[in-house]
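Everything below concerns the one structure shown next.
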Amino acid sequence: MPGDDQDRPPRASFWAGVRAGTPYALANSVVSLSFGVLAVQAGFSAIGAIAMSALVFAGSAQFAALAVIAQGGGLPTALSAATLVHSRYLPMGIGLAPSLPGGPLRRAVEGQAVVDASWAMANRGDGRFDRLFLFGSTAPQYIGWVTGTVVGAVAGAALGDLDRFGLDALFPAFFLALLFAELRHRRSRVVALVGAAIALALAPFAPPGVPVLAASLAALAGLRRPTA
Amino acid sequence: MSTTLWLLVGGMALMGVVMKAAGPVALGGRELPPWLAGVVGLLAPALLAALVMTQLFGKNGHLGIGADAVGVACAGIVFWRGGSVLVGVLVAVVVTAGLRMLLPI
């Protein structure tokens, strides 16, 4: 894993993170281009779409909210869906906390650097995280995410109907990639299946966004102690 | 852009900051109670699976299968075989666009 070298000097850690994060930045820019286009189509202004990417910087949460809005859902449902998707940053932040120095404000600011790929790559495997590697990995991903959104939001109209390019497959494919990373354990696979079943069962009847929110009930399986 | 969408942007930005700061600030090095940690740890697979399903098969309140479902299924094979995110996403896009060019789906 790129973050495994525990003896790197700080500057080397940062640049190692930049190198490790760059491929993810390229993928991010393609996905966020799609976000920019779809956000404008859903009623966002270009500035609004760019502001969301710059301020939120969380692809899965942004797409979750956008999906709700695009299907006619309201603010509470969209915000709830995004917040639930965002909630995975809670355990990530708890895991990172012992590796962050300083007082509460500094720890809060440094904690903002957490995104899925960076968090996973900065994990040294001994319960500690290489925070400078984390910062370095997140930096290009942020640039890629915002840049892609700018291009999509501003030039989206010139691209026309994105469906003919197959770009509507980007969003679920991106989520599927994140999902695969979550399926290492049998319990996760069962929960994913139950969550998918709940969402599919409710999709034809429930208001937009509710099937995804209801699928979170599958996570209550976590109340039971693992048998293995 | 409507006020509602600006409120959404502001609300999501605020929630994002809170979610990412909560662990480092409030909980510090302490861990969640085991019962809550177990639930939080399983939220991601449940929600991600639901998002994939609703985006592919549950659009506009109707269940159905389109070219994007085939494309994303091909991406799933790439991910299952250990391929990169970029390659999988590219496969999904190319297959989806190709099917739409060849077939009226």
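If you're wondering about the labels, chains in the structure tokens are A, B, ... by order shown, residues count from 1 in each chain, ligands from 1 in order shown.
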Within 9 Å of segment 26-38 of chain A, which residues of segment 168-204 of chain A come that close, and what is the closest atom pair and distance in Å for each? Count only C-alpha atoms and give it as a tab-separated table.
residue	atom	partner	partner_atom	distance
A:Asp168	CA	A:Ser34	CA	7.7
A:Leu170	CA	A:Val31	CA	6.3
A:Phe171	CA	A:Val31	CA	7.0
A:Phe174	CA	A:Val31	CA	7.8
Print the selection's residues with C-alpha atoms to a file, as a compact mmCIF listing (two decimals), in the first residue's frame.
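As written to disk, part-v6.txt reads:
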# COMPACT_ATOMS: atom_id res chain seq x y z
CA ASP A 168 -25.26 8.13 -17.32
CA LEU A 170 -20.67 6.69 -14.83
CA PHE A 171 -22.60 7.29 -11.64
CA PHE A 174 -18.60 4.59 -9.72
What are the residues of chain A that have an atom within 6 Å of an atom of chain B, counting only C-alpha atoms, as a VMD selection string?
chain A and resid 27 44 to 45 52 55 to 56 89 to 90 93 to 94 97 to 98 104 107 to 108 111 to 112 164 to 167 169 to 170 172 to 173 179 182 191 to 192 195 to 196 199 203 to 204 212 215 to 216 219 to 220 222 to 223
May I have the residues from that selection written out with N, CA and C atoms, as a compact mmCIF listing (two decimals), in the first residue's frame?
# COMPACT_ATOMS: atom_id res chain seq x y z
N ALA A 27 -9.95 9.90 -12.59
CA ALA A 27 -11.28 9.28 -12.56
C ALA A 27 -12.30 10.26 -12.01
N PHE A 44 -29.70 23.21 -11.32
CA PHE A 44 -28.64 24.00 -10.69
C PHE A 44 -28.09 24.99 -11.72
N SER A 45 -27.67 26.16 -11.23
CA SER A 45 -26.88 27.04 -12.09
C SER A 45 -25.46 26.49 -12.15
N MET A 52 -21.22 23.50 -5.13
CA MET A 52 -21.45 22.26 -4.40
C MET A 52 -20.20 21.38 -4.42
N LEU A 55 -17.49 23.00 -2.16
CA LEU A 55 -17.78 23.06 -0.73
C LEU A 55 -18.07 21.69 -0.12
N VAL A 56 -18.66 20.80 -0.92
CA VAL A 56 -19.04 19.49 -0.39
C VAL A 56 -17.96 18.45 -0.67
N TYR A 89 -18.16 8.84 6.92
CA TYR A 89 -16.99 9.62 7.36
C TYR A 89 -16.86 9.64 8.88
N LEU A 90 -17.93 9.28 9.58
CA LEU A 90 -17.84 9.22 11.05
C LEU A 90 -16.82 8.17 11.51
N GLY A 93 -13.33 9.14 10.43
CA GLY A 93 -12.76 10.20 11.26
C GLY A 93 -12.30 9.68 12.60
N ILE A 94 -13.06 8.74 13.16
CA ILE A 94 -12.66 8.16 14.44
C ILE A 94 -11.36 7.38 14.30
N ALA A 97 -8.50 9.94 13.96
CA ALA A 97 -8.32 10.89 15.06
C ALA A 97 -7.00 10.77 15.81
N PRO A 98 -6.56 9.57 16.21
CA PRO A 98 -5.31 9.49 16.98
C PRO A 98 -4.08 9.96 16.20
N PRO A 104 -8.78 21.07 19.00
CA PRO A 104 -10.00 20.68 18.28
C PRO A 104 -10.14 21.33 16.90
N ARG A 107 -7.68 19.84 14.42
CA ARG A 107 -8.09 18.47 14.10
C ARG A 107 -9.31 18.46 13.19
N ALA A 108 -10.23 19.42 13.44
CA ALA A 108 -11.43 19.50 12.60
C ALA A 108 -11.06 19.86 11.16
N GLY A 111 -9.23 17.00 9.48
CA GLY A 111 -10.16 15.90 9.20
C GLY A 111 -10.92 16.08 7.91
N GLN A 112 -10.98 17.31 7.38
CA GLN A 112 -11.70 17.56 6.13
C GLN A 112 -11.00 16.92 4.93
N ARG A 164 -26.38 9.54 -24.91
CA ARG A 164 -25.86 8.87 -26.10
C ARG A 164 -24.38 8.53 -25.95
N PHE A 165 -23.68 9.24 -25.05
CA PHE A 165 -22.27 8.90 -24.78
C PHE A 165 -22.14 7.85 -23.69
N GLY A 166 -23.25 7.43 -23.13
CA GLY A 166 -23.22 6.45 -22.06
C GLY A 166 -22.75 7.01 -20.73
N LEU A 167 -22.70 8.34 -20.60
CA LEU A 167 -22.17 8.94 -19.37
C LEU A 167 -23.10 8.75 -18.18
N ALA A 169 -24.00 6.03 -17.24
CA ALA A 169 -23.51 4.82 -16.58
C ALA A 169 -22.37 5.12 -15.62
N LEU A 170 -21.80 6.33 -15.70
CA LEU A 170 -20.67 6.69 -14.83
C LEU A 170 -21.04 6.59 -13.35
N PRO A 172 -23.65 5.05 -11.56
CA PRO A 172 -23.79 3.73 -10.93
C PRO A 172 -22.52 2.90 -11.01
N ALA A 173 -21.71 3.08 -12.06
CA ALA A 173 -20.45 2.31 -12.14
C ALA A 173 -19.50 2.76 -11.03
N LEU A 179 -18.80 0.06 -3.91
CA LEU A 179 -19.48 -1.06 -3.26
C LEU A 179 -18.58 -2.30 -3.22
N GLU A 182 -16.38 -2.53 -0.46
CA GLU A 182 -17.02 -2.74 0.84
C GLU A 182 -17.39 -4.20 1.08
N VAL A 191 -25.69 -7.63 3.81
CA VAL A 191 -26.31 -6.32 4.02
C VAL A 191 -26.53 -5.61 2.68
N ALA A 192 -25.56 -5.70 1.79
CA ALA A 192 -25.71 -5.07 0.47
C ALA A 192 -26.87 -5.68 -0.29
N GLY A 195 -30.10 -4.46 1.37
CA GLY A 195 -30.29 -3.05 1.02
C GLY A 195 -30.77 -2.89 -0.42
N ALA A 196 -30.18 -3.65 -1.32
CA ALA A 196 -30.60 -3.59 -2.73
C ALA A 196 -32.04 -4.06 -2.88
N ALA A 199 -34.48 -1.40 -1.59
CA ALA A 199 -34.57 -0.27 -2.52
C ALA A 199 -35.39 -0.64 -3.76
N ALA A 203 -38.91 1.10 -4.86
CA ALA A 203 -38.73 2.05 -5.97
C ALA A 203 -40.01 2.38 -6.74
N PRO A 204 -40.85 1.39 -7.04
CA PRO A 204 -42.05 1.73 -7.84
C PRO A 204 -43.12 2.48 -7.04
N VAL A 212 -33.67 4.62 -0.96
CA VAL A 212 -32.27 4.60 -0.51
C VAL A 212 -32.19 4.78 1.00
N ALA A 215 -33.20 1.63 2.70
CA ALA A 215 -32.19 0.57 2.58
C ALA A 215 -31.18 0.62 3.72
N SER A 216 -31.05 1.78 4.36
CA SER A 216 -30.10 1.87 5.47
C SER A 216 -30.50 0.98 6.63
N ALA A 219 -28.50 -2.01 7.56
CA ALA A 219 -27.29 -1.90 8.39
C ALA A 219 -27.56 -2.27 9.84
N LEU A 220 -28.85 -2.37 10.23
CA LEU A 220 -29.16 -2.78 11.61
C LEU A 220 -28.65 -4.19 11.90
N GLY A 222 -25.84 -4.83 11.93
CA GLY A 222 -24.64 -4.57 12.73
C GLY A 222 -24.89 -4.64 14.22
N LEU A 223 -26.18 -4.67 14.63
CA LEU A 223 -26.50 -4.80 16.06
C LEU A 223 -26.17 -6.19 16.58
Residue neighbourhood segment 8-22 of chain A, 9 Å, only C-alpha atoms, exclusion window fewer than 4 positions, as number ranges by chain:
A: 2-3, 26-27, 117-118, 121-122, 130-141, 144
What does the file look like for those residues with N, CA and C atoms, as a PDB file, in the first residue's frame?
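What follows is the written file out-v2.pdb:
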ATOM      1  N   PRO A   2       0.530   2.287  -0.771  1.00  0.00           N
ATOM      2  CA  PRO A   2       1.410   3.436  -0.897  1.00  0.00           C
ATOM      3  C   PRO A   2       1.737   4.100   0.423  1.00  0.00           C
ATOM      4  N   GLY A   3       0.868   4.013   1.429  1.00  0.00           N
ATOM      5  CA  GLY A   3       1.108   4.704   2.679  1.00  0.00           C
ATOM      6  C   GLY A   3       1.875   3.880   3.703  1.00  0.00           C
ATOM      7  N   LEU A  26      -7.906  11.680 -11.894  1.00  0.00           N
ATOM      8  CA  LEU A  26      -8.346  11.582 -13.290  1.00  0.00           C
ATOM      9  C   LEU A  26      -9.747  10.970 -13.367  1.00  0.00           C
ATOM     10  N   ALA A  27      -9.946   9.897 -12.595  1.00  0.00           N
ATOM     11  CA  ALA A  27     -11.284   9.285 -12.560  1.00  0.00           C
ATOM     12  C   ALA A  27     -12.304  10.264 -12.008  1.00  0.00           C
ATOM     13  N   ALA A 117     -10.678   7.107  -0.981  1.00  0.00           N
ATOM     14  CA  ALA A 117      -9.433   6.513  -1.475  1.00  0.00           C
ATOM     15  C   ALA A 117      -8.244   6.971  -0.649  1.00  0.00           C
ATOM     16  N   SER A 118      -8.191   8.253  -0.301  1.00  0.00           N
ATOM     17  CA  SER A 118      -7.065   8.783   0.472  1.00  0.00           C
ATOM     18  C   SER A 118      -7.000   8.139   1.848  1.00  0.00           C
ATOM     19  N   MET A 121      -5.650   4.645   1.500  1.00  0.00           N
ATOM     20  CA  MET A 121      -4.237   4.571   1.118  1.00  0.00           C
ATOM     21  C   MET A 121      -3.314   5.087   2.221  1.00  0.00           C
ATOM     22  N   ALA A 122      -3.823   6.019   3.038  1.00  0.00           N
ATOM     23  CA  ALA A 122      -2.982   6.587   4.105  1.00  0.00           C
ATOM     24  C   ALA A 122      -2.921   5.693   5.335  1.00  0.00           C
ATOM     25  N   ASP A 130      -0.856   8.045   7.953  1.00  0.00           N
ATOM     26  CA  ASP A 130       0.136   9.014   7.498  1.00  0.00           C
ATOM     27  C   ASP A 130      -0.633  10.248   7.027  1.00  0.00           C
ATOM     28  N   ARG A 131      -0.735  11.253   7.913  1.00  0.00           N
ATOM     29  CA  ARG A 131      -1.610  12.394   7.616  1.00  0.00           C
ATOM     30  C   ARG A 131      -1.099  13.217   6.444  1.00  0.00           C
ATOM     31  N   LEU A 132       0.222  13.344   6.288  1.00  0.00           N
ATOM     32  CA  LEU A 132       0.745  14.111   5.155  1.00  0.00           C
ATOM     33  C   LEU A 132       0.508  13.375   3.844  1.00  0.00           C
ATOM     34  N   PHE A 133       0.596  12.051   3.875  1.00  0.00           N
ATOM     35  CA  PHE A 133       0.237  11.264   2.701  1.00  0.00           C
ATOM     36  C   PHE A 133      -1.236  11.479   2.367  1.00  0.00           C
ATOM     37  N   LEU A 134      -2.071  11.510   3.413  1.00  0.00           N
ATOM     38  CA  LEU A 134      -3.503  11.770   3.231  1.00  0.00           C
ATOM     39  C   LEU A 134      -3.729  13.117   2.545  1.00  0.00           C
ATOM     40  N   PHE A 135      -3.051  14.162   3.038  1.00  0.00           N
ATOM     41  CA  PHE A 135      -3.223  15.491   2.436  1.00  0.00           C
ATOM     42  C   PHE A 135      -2.770  15.477   0.971  1.00  0.00           C
ATOM     43  N   GLY A 136      -1.611  14.848   0.731  1.00  0.00           N
ATOM     44  CA  GLY A 136      -1.083  14.810  -0.634  1.00  0.00           C
ATOM     45  C   GLY A 136      -1.985  14.062  -1.584  1.00  0.00           C
ATOM     46  N   SER A 137      -2.586  12.989  -1.110  1.00  0.00           N
ATOM     47  CA  SER A 137      -3.474  12.190  -1.966  1.00  0.00           C
ATOM     48  C   SER A 137      -4.774  12.914  -2.258  1.00  0.00           C
ATOM     49  N   THR A 138      -5.279  13.646  -1.272  1.00  0.00           N
ATOM     50  CA  THR A 138      -6.558  14.327  -1.446  1.00  0.00           C
ATOM     51  C   THR A 138      -6.431  15.560  -2.347  1.00  0.00           C
ATOM     52  N   ALA A 139      -5.287  16.236  -2.303  1.00  0.00           N
ATOM     53  CA  ALA A 139      -5.126  17.496  -3.054  1.00  0.00           C
ATOM     54  C   ALA A 139      -5.435  17.348  -4.548  1.00  0.00           C
ATOM     55  N   PRO A 140      -4.805  16.418  -5.277  1.00  0.00           N
ATOM     56  CA  PRO A 140      -5.136  16.308  -6.703  1.00  0.00           C
ATOM     57  C   PRO A 140      -6.572  15.839  -6.937  1.00  0.00           C
ATOM     58  N   GLN A 141      -7.098  15.043  -6.002  1.00  0.00           N
ATOM     59  CA  GLN A 141      -8.483  14.595  -6.173  1.00  0.00           C
ATOM     60  C   GLN A 141      -9.454  15.771  -6.064  1.00  0.00           C
ATOM     61  N   GLY A 144      -9.112  17.747  -9.328  1.00  0.00           N
ATOM     62  CA  GLY A 144      -9.796  17.033 -10.407  1.00  0.00           C
ATOM     63  C   GLY A 144     -11.302  17.113 -10.281  1.00  0.00           C
TER      64      GLY A 144
END
One decimal, in Å: what's the spacing between atom CA of Ile50 of chain A and atom CA of Ala70 of chain A?
17.1 Å
Could you state the separation of atom CA of Ala58 of chain A and atom CA of Gln41 of chain A in Å, given to one decimal place?
19.4 Å
Got a sec to tell me which of chain B DSSP assigns to helix (DSSP H, G or I), as a ChimeraX atom specification?
/B:3-27,34-57,59-61,67-80,85-102
From the options A:Ile143, A:Leu75, A:Ala181, A:Ala158, which residue's atoms come nearest to Thr3 of chain B, counting only C-alpha atoms?
A:Leu75
Atom CA of Ala214 of chain A and atom CA of Met92 of chain A, how far apart in Å?
22.8 Å
